[in-house]
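This is model.cif (mmCIF, C-alpha atoms).
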```cif
data_model
loop_
_atom_site.group_PDB
_atom_site.id
_atom_site.type_symbol
_atom_site.label_atom_id
_atom_site.label_comp_id
_atom_site.auth_asym_id
_atom_site.auth_seq_id
_atom_site.Cartn_x
_atom_site.Cartn_y
_atom_site.Cartn_z
ATOM 1 C CA MET A 1 0.000 0.000 0.000
ATOM 2 C CA ARG A 2 1.449 3.372 -1.028
ATOM 3 C CA PHE A 3 1.082 6.278 1.395
ATOM 4 C CA LEU A 4 2.897 8.899 -0.685
ATOM 5 C CA PRO A 5 1.506 10.618 -3.799
ATOM 6 C CA THR A 6 3.111 9.830 -7.131
ATOM 7 C CA GLU A 7 4.979 12.564 -8.963
ATOM 8 C CA GLU A 8 2.012 13.048 -11.281
ATOM 9 C CA GLN A 9 -0.370 13.382 -8.350
ATOM 10 C CA SER A 10 1.963 15.845 -6.626
ATOM 11 C CA ASP A 11 2.220 17.895 -9.818
ATOM 12 C CA TYR A 12 -1.560 18.122 -9.953
ATOM 13 C CA ALA A 13 -1.711 19.327 -6.342
ATOM 14 C CA ARG A 14 0.956 21.944 -7.086
ATOM 15 C CA THR A 15 -1.032 23.114 -10.110
ATOM 16 C CA LEU A 16 -4.091 23.635 -7.954
ATOM 17 C CA ARG A 17 -2.073 25.398 -5.264
ATOM 18 C CA SER A 18 -0.601 27.771 -7.828
ATOM 19 C CA LEU A 19 -4.002 28.509 -9.341
ATOM 20 C CA LEU A 20 -5.566 29.175 -5.960
ATOM 21 C CA GLY A 21 -2.622 31.229 -4.767
ATOM 22 C CA ALA A 22 -3.211 33.673 -7.618
ATOM 23 C CA ALA A 23 -6.995 33.737 -7.264
ATOM 24 C CA ALA A 24 -7.636 36.212 -4.404
ATOM 25 C CA VAL A 25 -9.631 33.547 -2.581
ATOM 26 C CA PRO A 26 -10.215 35.561 0.652
ATOM 27 C CA ALA A 27 -12.085 38.232 -1.312
ATOM 28 C CA THR A 28 -14.061 35.490 -3.040
ATOM 29 C CA VAL A 29 -14.973 33.945 0.327
ATOM 30 C CA ARG A 30 -16.197 37.283 1.676
ATOM 31 C CA ALA A 31 -18.283 37.868 -1.440
ATOM 32 C CA TRP A 32 -19.786 34.369 -1.166
ATOM 33 C CA ALA A 33 -20.667 34.961 2.485
ATOM 34 C CA ALA A 34 -22.461 38.156 1.462
ATOM 35 C CA GLY A 35 -24.515 36.311 -1.151
ATOM 36 C CA ASP A 36 -22.491 37.403 -4.176
ATOM 37 C CA HIS A 37 -21.728 34.155 -5.995
ATOM 38 C CA GLY A 38 -20.102 35.710 -9.061
ATOM 39 C CA PRO A 39 -16.449 35.530 -7.982
ATOM 40 C CA GLY A 40 -16.969 32.084 -6.474
ATOM 41 C CA LEU A 41 -18.525 30.682 -9.636
ATOM 42 C CA ALA A 42 -15.706 32.177 -11.703
ATOM 43 C CA LEU A 43 -13.207 30.388 -9.466
ATOM 44 C CA TRP A 44 -15.332 27.238 -9.735
ATOM 45 C CA SER A 45 -15.020 27.415 -13.520
ATOM 46 C CA ARG A 46 -11.241 27.715 -13.303
ATOM 47 C CA LEU A 47 -11.057 24.722 -10.956
ATOM 48 C CA ALA A 48 -13.233 22.744 -13.358
ATOM 49 C CA GLY A 49 -10.736 23.558 -16.095
ATOM 50 C CA THR A 50 -8.110 21.555 -14.190
ATOM 51 C CA GLY A 51 -10.389 18.501 -14.291
ATOM 52 C CA LEU A 52 -11.025 18.568 -10.542
ATOM 53 C CA PHE A 53 -14.731 17.749 -10.655
ATOM 54 C CA ALA A 54 -14.274 15.199 -13.424
ATOM 55 C CA LEU A 55 -12.225 13.101 -10.986
ATOM 56 C CA ALA A 56 -15.450 11.996 -9.259
ATOM 57 C CA VAL A 57 -17.235 11.044 -12.486
ATOM 58 C CA PRO A 58 -16.668 7.769 -14.399
ATOM 59 C CA GLU A 59 -15.003 7.986 -17.784
ATOM 60 C CA ALA A 60 -18.146 6.585 -19.403
ATOM 61 C CA HIS A 61 -19.901 9.850 -18.576
ATOM 62 C CA ASP A 62 -17.250 12.378 -19.619
ATOM 63 C CA GLY A 63 -15.327 12.094 -16.372
ATOM 64 C CA ALA A 64 -11.789 11.027 -15.480
ATOM 65 C CA GLY A 65 -12.507 8.860 -12.460
ATOM 66 C CA PRO A 66 -13.444 7.864 -9.989
ATOM 67 C CA LEU A 67 -10.030 8.741 -8.528
ATOM 68 C CA PRO A 68 -10.326 9.176 -4.743
ATOM 69 C CA VAL A 69 -6.618 9.759 -4.073
ATOM 70 C CA GLU A 70 -6.386 12.568 -6.621
ATOM 71 C CA LEU A 71 -9.589 14.052 -5.245
ATOM 72 C CA ALA A 72 -8.243 13.911 -1.691
ATOM 73 C CA LEU A 73 -5.116 15.765 -2.817
ATOM 74 C CA GLY A 74 -7.208 18.332 -4.653
ATOM 75 C CA TYR A 75 -9.614 18.892 -1.796
ATOM 76 C CA THR A 76 -6.731 19.355 0.623
ATOM 77 C CA GLU A 77 -5.699 22.289 -1.567
ATOM 78 C CA LEU A 78 -9.277 23.615 -1.545
ATOM 79 C CA GLY A 79 -9.218 23.540 2.245
ATOM 80 C CA ARG A 80 -5.801 25.170 2.389
ATOM 81 C CA ALA A 81 -7.078 28.025 0.219
ATOM 82 C CA GLY A 82 -10.465 28.235 1.970
ATOM 83 C CA VAL A 83 -12.461 27.821 -1.259
ATOM 84 C CA PRO A 84 -16.211 28.359 -0.672
ATOM 85 C CA GLY A 85 -19.112 26.485 -2.218
ATOM 86 C CA PRO A 86 -20.565 22.965 -2.217
ATOM 87 C CA VAL A 87 -17.421 21.300 -3.542
ATOM 88 C CA VAL A 88 -17.833 18.182 -1.405
ATOM 89 C CA GLU A 89 -21.528 17.971 -2.165
ATOM 90 C CA THR A 90 -20.936 18.146 -5.905
ATOM 91 C CA ALA A 91 -18.501 15.234 -5.771
ATOM 92 C CA ALA A 92 -20.820 13.261 -3.486
ATOM 93 C CA ALA A 93 -23.720 13.796 -5.889
ATOM 94 C CA ALA A 94 -21.570 12.519 -8.763
ATOM 95 C CA VAL A 95 -20.706 9.379 -6.800
ATOM 96 C CA LEU A 96 -24.353 8.904 -5.830
ATOM 97 C CA LEU A 97 -25.576 9.085 -9.423
ATOM 98 C CA ALA A 98 -22.774 6.883 -10.738
ATOM 99 C CA GLU A 99 -23.315 4.229 -8.076
ATOM 100 C CA LEU A 100 -27.047 4.190 -8.713
ATOM 101 C CA GLY A 101 -26.473 2.656 -12.120
ATOM 102 C CA ASP A 102 -29.405 4.412 -13.772
ATOM 103 C CA GLU A 103 -28.187 5.341 -17.247
ATOM 104 C CA THR A 104 -30.962 7.858 -17.810
ATOM 105 C CA LEU A 105 -30.071 9.805 -14.680
ATOM 106 C CA ALA A 106 -26.354 9.429 -15.353
ATOM 107 C CA LYS A 107 -26.655 10.892 -18.840
ATOM 108 C CA ARG A 108 -28.888 13.668 -17.550
ATOM 109 C CA PHE A 109 -26.596 14.917 -14.793
ATOM 110 C CA LEU A 110 -23.074 13.442 -14.805
ATOM 111 C CA PRO A 111 -21.599 15.197 -17.869
ATOM 112 C CA GLY A 112 -22.544 18.553 -16.336
ATOM 113 C CA LEU A 113 -20.980 17.592 -13.022
ATOM 114 C CA ALA A 114 -17.798 16.445 -14.757
ATOM 115 C CA SER A 115 -17.473 19.694 -16.705
ATOM 116 C CA GLY A 116 -18.116 21.788 -13.608
ATOM 117 C CA SER A 117 -20.705 23.822 -15.471
ATOM 118 C CA ALA A 118 -22.593 24.359 -12.226
ATOM 119 C CA PRO A 119 -22.337 23.338 -8.562
ATOM 120 C CA VAL A 120 -24.938 21.078 -6.975
ATOM 121 C CA THR A 121 -25.768 20.234 -3.375
ATOM 122 C CA VAL A 122 -27.039 17.063 -1.751
ATOM 123 C CA THR A 123 -28.333 15.813 1.593
ATOM 124 C CA LEU A 124 -27.918 12.161 2.563
ATOM 125 C CA PRO A 125 -28.961 9.965 5.487
ATOM 126 C CA GLY A 126 -26.167 10.029 8.053
ATOM 127 C CA GLY A 127 -25.057 13.498 7.016
ATOM 128 C CA SER A 128 -26.368 16.932 7.892
ATOM 129 C CA PRO A 129 -30.112 17.462 7.345
ATOM 130 C CA TYR A 130 -29.281 20.890 5.900
ATOM 131 C CA ALA A 131 -28.287 21.627 2.313
ATOM 132 C CA LEU A 132 -25.081 23.606 1.848
ATOM 133 C CA ASP A 133 -25.231 26.618 -0.485
ATOM 134 C CA ALA A 134 -28.566 25.577 -1.932
ATOM 135 C CA ASP A 135 -29.069 29.115 -3.231
ATOM 136 C CA ALA A 136 -26.030 28.770 -5.498
ATOM 137 C CA ALA A 137 -26.707 25.211 -6.652
ATOM 138 C CA ALA A 138 -27.993 24.336 -10.099
ATOM 139 C CA HIS A 139 -29.553 21.143 -8.668
ATOM 140 C CA ARG A 140 -30.475 20.143 -5.121
ATOM 141 C CA PHE A 141 -30.578 16.393 -4.530
ATOM 142 C CA THR A 142 -32.080 14.803 -1.447
ATOM 143 C CA VAL A 143 -32.027 11.156 -0.379
ATOM 144 C CA THR A 144 -34.661 10.385 2.226
ATOM 145 C CA ASP A 145 -34.479 7.829 5.018
ATOM 146 C CA THR A 146 -36.995 5.758 3.069
ATOM 147 C CA GLY A 147 -34.679 5.416 0.067
ATOM 148 C CA GLU A 148 -36.093 8.057 -2.255
ATOM 149 C CA LEU A 149 -33.880 10.272 -4.408
ATOM 150 C CA ARG A 150 -35.593 13.561 -5.127
ATOM 151 C CA LEU A 151 -34.746 16.831 -6.824
ATOM 152 C CA ALA A 152 -35.848 19.777 -4.708
ATOM 153 C CA ASP A 153 -37.733 22.594 -6.417
ATOM 154 C CA GLY A 154 -35.966 25.454 -4.639
ATOM 155 C CA PRO A 155 -33.264 26.315 -2.105
ATOM 156 C CA GLY A 156 -35.531 26.134 0.941
ATOM 157 C CA ASP A 157 -35.289 28.242 4.087
ATOM 158 C CA PRO A 158 -31.941 29.837 5.030
ATOM 159 C CA LEU A 159 -30.403 29.072 8.427
ATOM 160 C CA ALA A 160 -27.719 30.684 10.556
ATOM 161 C CA SER A 161 -24.224 29.194 10.229
ATOM 162 C CA THR A 162 -21.044 29.465 12.269
ATOM 163 C CA ASP A 163 -19.211 30.110 9.022
ATOM 164 C CA PRO A 164 -21.016 32.758 6.937
ATOM 165 C CA ALA A 165 -19.408 31.304 3.812
ATOM 166 C CA ARG A 166 -21.105 27.950 4.502
ATOM 167 C CA ARG A 167 -24.663 28.989 3.729
ATOM 168 C CA LEU A 168 -27.073 26.393 5.109
ATOM 169 C CA TYR A 169 -30.653 25.810 3.989
ATOM 170 C CA ARG A 170 -33.449 23.668 5.253
ATOM 171 C CA PRO A 171 -34.312 21.572 2.165
ATOM 172 C CA ALA A 172 -37.391 22.662 0.275
ATOM 173 C CA GLU A 173 -40.339 20.353 -0.113
ATOM 174 C CA ALA A 174 -39.279 17.347 -2.146
ATOM 175 C CA GLY A 175 -39.906 17.792 -5.841
ATOM 176 C CA GLU A 176 -39.285 15.401 -8.713
ATOM 177 C CA LEU A 177 -38.829 11.761 -7.718
ATOM 178 C CA LEU A 178 -35.735 10.489 -9.542
ATOM 179 C CA ALA A 179 -35.386 6.986 -8.081
ATOM 180 C CA ALA A 180 -36.374 4.872 -5.101
ATOM 181 C CA GLY A 181 -35.525 1.567 -3.463
ATOM 182 C CA PRO A 182 -32.555 -0.331 -1.996
ATOM 183 C CA ALA A 183 -30.248 0.767 -4.803
ATOM 184 C CA VAL A 184 -30.706 4.402 -3.738
ATOM 185 C CA THR A 185 -29.942 3.558 -0.106
ATOM 186 C CA ALA A 186 -26.784 1.653 -1.082
ATOM 187 C CA ALA A 187 -25.604 4.423 -3.405
ATOM 188 C CA ALA A 188 -26.243 7.013 -0.698
ATOM 189 C CA GLY A 189 -24.047 5.057 1.712
ATOM 190 C CA THR A 190 -21.174 5.082 -0.778
ATOM 191 C CA ALA A 191 -21.645 8.784 -1.480
ATOM 192 C CA LEU A 192 -21.583 9.484 2.268
ATOM 193 C CA ARG A 193 -18.171 7.808 2.591
ATOM 194 C CA TRP A 194 -16.814 9.944 -0.252
ATOM 195 C CA ALA A 195 -18.258 13.087 1.335
ATOM 196 C CA ARG A 196 -16.523 12.248 4.614
ATOM 197 C CA LEU A 197 -13.258 11.510 2.862
ATOM 198 C CA LEU A 198 -13.225 14.798 0.960
ATOM 199 C CA THR A 199 -14.305 16.769 4.024
ATOM 200 C CA ALA A 200 -11.408 15.167 5.903
ATOM 201 C CA ALA A 201 -9.128 16.378 3.114
ATOM 202 C CA GLN A 202 -10.538 19.880 3.461
ATOM 203 C CA CYS A 203 -9.957 19.713 7.222
ATOM 204 C CA LEU A 204 -6.311 18.784 6.663
ATOM 205 C CA GLY A 205 -5.855 21.725 4.308
ATOM 206 C CA VAL A 206 -7.577 24.150 6.692
ATOM 207 C CA GLY A 207 -5.380 22.961 9.561
ATOM 208 C CA GLU A 208 -2.230 23.378 7.496
ATOM 209 C CA ALA A 209 -3.257 26.898 6.476
ATOM 210 C CA LEU A 210 -3.952 27.870 10.082
ATOM 211 C CA LEU A 211 -0.622 26.464 11.247
ATOM 212 C CA ALA A 212 1.347 28.201 8.492
ATOM 213 C CA ARG A 213 -0.218 31.559 9.296
ATOM 214 C CA THR A 214 0.342 31.104 13.001
ATOM 215 C CA VAL A 215 4.008 30.204 12.535
ATOM 216 C CA GLU A 216 4.541 33.337 10.443
ATOM 217 C CA TYR A 217 2.783 35.462 13.065
ATOM 218 C CA ALA A 218 4.875 33.919 15.861
ATOM 219 C CA LYS A 219 8.020 35.020 14.004
ATOM 220 C CA GLN A 220 6.775 38.617 13.768
ATOM 221 C CA ARG A 221 5.002 39.278 17.064
ATOM 222 C CA THR A 222 7.352 40.240 19.879
ATOM 223 C CA GLN A 223 7.117 40.268 23.650
ATOM 224 C CA PHE A 224 9.891 41.578 25.870
ATOM 225 C CA GLY A 225 11.797 42.356 22.702
ATOM 226 C CA THR A 226 11.757 38.728 21.489
ATOM 227 C CA PRO A 227 9.604 37.014 18.836
ATOM 228 C CA ILE A 228 7.060 34.843 20.626
ATOM 229 C CA GLY A 229 8.061 31.959 18.388
ATOM 230 C CA GLY A 230 11.234 31.662 20.466
ATOM 231 C CA PHE A 231 9.343 30.832 23.663
ATOM 232 C CA GLN A 232 9.270 27.150 24.621
ATOM 233 C CA ALA A 233 5.545 27.155 25.393
ATOM 234 C CA VAL A 234 4.771 28.534 21.924
ATOM 235 C CA LYS A 235 7.147 26.072 20.249
ATOM 236 C CA HIS A 236 5.493 23.159 22.035
ATOM 237 C CA ARG A 237 1.998 24.320 21.066
ATOM 238 C CA LEU A 238 2.983 24.663 17.422
ATOM 239 C CA ALA A 239 4.777 21.311 17.457
ATOM 240 C CA ASP A 240 1.708 19.589 18.898
ATOM 241 C CA THR A 241 -0.422 21.126 16.166
ATOM 242 C CA LEU A 242 2.001 19.949 13.468
ATOM 243 C CA LEU A 243 2.118 16.420 14.894
ATOM 244 C CA ALA A 244 -1.679 16.170 14.919
ATOM 245 C CA LEU A 245 -1.866 17.208 11.267
ATOM 246 C CA GLU A 246 0.955 14.878 10.224
ATOM 247 C CA PHE A 247 -0.727 12.000 12.036
ATOM 248 C CA ALA A 248 -3.942 12.687 10.119
ATOM 249 C CA ARG A 249 -2.230 12.743 6.716
ATOM 250 C CA PRO A 250 -1.453 8.998 6.325
ATOM 251 C CA LEU A 251 -4.914 8.143 7.648
ATOM 252 C CA LEU A 252 -6.382 10.282 4.893
ATOM 253 C CA TRP A 253 -4.300 8.540 2.217
ATOM 254 C CA ALA A 254 -5.172 5.114 3.620
ATOM 255 C CA ALA A 255 -8.869 6.023 3.536
ATOM 256 C CA ALA A 256 -8.579 7.241 -0.056
ATOM 257 C CA LEU A 257 -6.937 3.959 -1.044
ATOM 258 C CA SER A 258 -9.391 1.653 0.712
ATOM 259 C CA LEU A 259 -12.598 3.703 0.914
ATOM 260 C CA SER A 260 -13.645 1.417 3.761
ATOM 261 C CA ARG A 261 -16.171 2.750 6.247
ATOM 262 C CA ARG A 262 -13.799 2.520 9.221
ATOM 263 C CA ASP A 263 -10.790 3.992 7.419
ATOM 264 C CA VAL A 264 -12.828 6.935 6.179
ATOM 265 C CA ALA A 265 -14.334 7.523 9.628
ATOM 266 C CA ALA A 266 -10.852 7.390 11.209
ATOM 267 C CA ALA A 267 -9.514 9.900 8.689
ATOM 268 C CA LYS A 268 -12.446 12.249 9.194
ATOM 269 C CA LEU A 269 -12.201 12.026 12.983
ATOM 270 C CA THR A 270 -8.452 12.633 13.078
ATOM 271 C CA ALA A 271 -8.282 15.362 10.444
ATOM 272 C CA GLY A 272 -11.304 17.143 11.873
ATOM 273 C CA GLU A 273 -9.908 17.182 15.384
ATOM 274 C CA ALA A 274 -6.483 18.272 14.113
ATOM 275 C CA ALA A 275 -7.994 21.185 12.185
ATOM 276 C CA TYR A 276 -10.025 22.273 15.199
ATOM 277 C CA ALA A 277 -6.934 22.063 17.417
ATOM 278 C CA ALA A 278 -5.029 24.162 14.855
ATOM 279 C CA ALA A 279 -7.799 26.765 15.048
ATOM 280 C CA LEU A 280 -7.557 26.899 18.843
ATOM 281 C CA THR A 281 -3.780 27.272 18.643
ATOM 282 C CA ALA A 282 -4.058 29.996 16.013
ATOM 283 C CA LEU A 283 -6.599 31.921 18.034
ATOM 284 C CA GLN A 284 -4.595 31.699 21.241
ATOM 285 C CA LEU A 285 -1.264 32.697 19.733
ATOM 286 C CA HIS A 286 -2.714 35.539 17.666
ATOM 287 C CA GLY A 287 -4.327 36.988 20.779
ATOM 288 C CA ALA A 288 -7.088 39.568 20.452
ATOM 289 C CA VAL A 289 -6.268 40.278 16.804
ATOM 290 C CA GLY A 290 -7.362 36.731 15.994
ATOM 291 C CA TYR A 291 -10.961 37.663 16.725
ATOM 292 C CA THR A 292 -11.123 40.412 14.101
ATOM 293 C CA GLU A 293 -13.036 39.796 10.893
ATOM 294 C CA GLU A 294 -10.660 42.014 8.952
ATOM 295 C CA LEU A 295 -7.861 39.500 9.438
ATOM 296 C CA ASP A 296 -7.929 36.799 6.761
ATOM 297 C CA LEU A 297 -7.162 34.252 9.475
ATOM 298 C CA SER A 298 -10.810 34.485 10.544
ATOM 299 C CA LEU A 299 -11.902 32.868 7.269
ATOM 300 C CA TRP A 300 -10.116 29.648 8.230
ATOM 301 C CA LEU A 301 -10.921 29.888 11.943
ATOM 302 C CA ARG A 302 -14.618 29.855 11.108
ATOM 303 C CA LYS A 303 -14.287 26.790 8.906
ATOM 304 C CA ALA A 304 -12.493 24.490 11.307
ATOM 305 C CA ARG A 305 -15.363 23.488 13.564
ATOM 306 C CA PRO A 306 -18.129 23.313 10.906
ATOM 307 C CA LEU A 307 -15.920 21.102 8.741
ATOM 308 C CA ARG A 308 -15.032 18.940 11.731
ATOM 309 C CA ASP A 309 -18.736 18.311 12.282
ATOM 310 C CA ALA A 310 -19.846 18.123 8.631
ATOM 311 C CA TRP A 311 -20.710 14.692 7.184
ATOM 312 C CA GLY A 312 -20.180 12.997 10.548
ATOM 313 C CA GLY A 313 -18.954 14.655 13.728
ATOM 314 C CA PRO A 314 -16.335 13.217 16.109
ATOM 315 C CA SER A 315 -18.740 11.088 18.136
ATOM 316 C CA GLN A 316 -20.365 9.604 15.034
ATOM 317 C CA CYS A 317 -17.031 8.812 13.377
ATOM 318 C CA ARG A 318 -15.580 7.436 16.599
ATOM 319 C CA ALA A 319 -18.530 5.069 16.899
ATOM 320 C CA GLU A 320 -17.943 3.810 13.358
ATOM 321 C CA VAL A 321 -14.235 3.249 13.998
ATOM 322 C CA VAL A 322 -14.821 1.095 17.088
ATOM 323 C CA GLY A 323 -18.142 -0.385 15.964
#
```

Step by step, read the file and then write its structure as structure tokens.
Amino acid sequence: MRFLPTEEQSDYARTLRSLLGAAAVPATVRAWAAGDHGPGLALWSRLAGTGLFALAVPEAHDGAGPLPVELALGYTELGRAGVPGPVVETAAAAVLLAELGDETLAKRFLPGLASGSAPVTVTLPGGSPYALDADAAAHRFTVTDTGELRLADGPGDPLASTDPARRLYRPAEAGELLAAGPAVTAAAGTALRWARLLTAAQCLGVGEALLARTVEYAKQRTQFGTPIGGFQAVKHRLADTLLALEFARPLLWAAALSLSRRDVAAAKLTAGEAAYAAALTALQLHGAVGYTEELDLSLWLRKARPLRDAWGGPSQCRAEVVG
């Protein structure tokens, strides 16, 4: 079993990092939080041009996948950059439709998902009951507990969110019935595992971004005429944060390779907790300035806990690991 990316996979991750580094993502996140989807959709189109969303779609339907390892690498970069939008949900919907095996539905939706022509959102049993960014989605899929796959007519009712850039909606009344039965339930279970895997990847990227910014701040901020990064207590806190993230990384790769329920739950649990710990470290070491919305750090601070809890919180994932 290989736990390191190939050179080709690493090149793809570097391509994404370069694209996102030049994309003014913080301004895009703030616009998305305010309800202006224009910059976010423009970024979405550029990401689609790299083939990112095609990685979740089978080649038979204009995709390049499914390639979970490449997706995990890509979604780590999305987390590192703080990219807004239903990126996980779009991939999960692609997996759901592909696993369902309904050629009519596959031809209707999968080519559009592969091309990234529009984001979609989805709710699944075992995940959050709320639809992410339903107002920006071209399609809103819902799988019910009774095994029905439906296409909602509208975004539904907006809800408050810890992260303003994660716009939550109570799903609208179910609309068109697309499919029903055991096949839907089975496909939804597979899609849920992919959603957890890619959210774990986002968590890893968010944690790495928080740590990098905190290390840079610790080099600049001084107390008693000395950078705080030279203090043992600060060094230990940063080292603990790094160790937690590095421990999560091989679990993420193992989960991407196996896609087993327990491996994915372990990766989500560990990466989510590591990202949340990185947020606590960042907030403590930045001091009062860490609370300000003007500081870009706040964009990642607000993501850490919602992503930790999305698609299976710590208690749910822990139960699946030991169950």

Neighbouring residues of Gln316 in chain A were defined as those with any atom within 10 Å, considering all atoms listed in the file; residues of the same chain fewer than 5 positions away were excluded. Please report them as an NGL selection string. :A and (126 or 265 or 269 or 309 or 311 or 321)

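Candidate residues A:Glu89, A:Asp296, A:Asp263, A:Glu208 were compared for distance to Leu132 in chain A, and the nearest is A:Glu89, using all atoms listed in the file.
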
Expanded to explicit residues, what is the PyMOL selection byres ((chain A and resi 262) around 12) for this file, as a ChimeraX atom specification? /A:193,196-197,251-252,254-256,258-261,263-269,316-323

Answer key for the PyMOL selection byres ((chain A and resi 210-213) around 12), residues as an MDAnalysis selection string: chainID A and resid 79:82 203:209 214:220 235 237:246 274:286 290 295:304

Result set, the PyMOL selection byres ((chain A and resi 49) around 12) on current file, as a list in words: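 Evaluating the PyMOL selection byres ((chain A and resi 49) around 12) on this file yields Thr15, Leu16, Leu19, Ala42, Leu43, Trp44, Ser45, Arg46, Leu47, Ala48, Thr50, Gly51, Leu52, Phe53, Ala54, Leu55, Ala114, Ser115, Gly116 and Ser117 of chain A.
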
Any idea what's packed within 8 Å of range 102-107 of chain A, counting only C-alpha atoms, ignoring anything in its chain fewer than 4 positions away? Could you give it as a ChimeraX atom specification? /A:61,97-98,111,178

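Nearest residue to Val87 in chain A, choosing from A:Val122, A:Ala60, A:Ala180, A:Ala271 and counting all atoms listed in the file: A:Val122.
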
In Å, how far is it from CA of Phe224 in chain A to CA of Thr292 in chain A?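 It comes out at 24.1 Å.
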
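Among the candidates A:Arg308, A:Val83, A:Pro164, A:Arg108, the one nearest to Glu293 in chain A when counting all atoms listed in the file is A:Pro164.
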
Just to confirm, what's the straight-line distance from CA of Glu273 in chain A to CA of Phe247 in chain A in Å (one decimal)?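 It comes out at 11.1 Å.
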
Range 133-135 of chain A: which residues within 7 Å, counting only C-alpha atoms, same-chain residues fewer than 3 positions away excluded, as a list of chain:residue names? A:Gly85, A:Pro86, A:Thr121, A:Arg140, A:Pro155, A:Arg166, A:Arg167, A:Leu168, A:Tyr169

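Look at Gly147 in chain A: the protein and nucleic acid residues within 8 Å of it, using only C-alpha atoms and passing over chain neighbours fewer than 3 places away, are Val143, Thr144, Ala180, Gly181, Pro182, Val184 and Thr185 of chain A.
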
Could you work out how far CA of Gly313 in chain A lies from CA of Pro119 in chain A, giving the answer in Å with one decimal?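 Those two atoms sit 24.2 Å apart.
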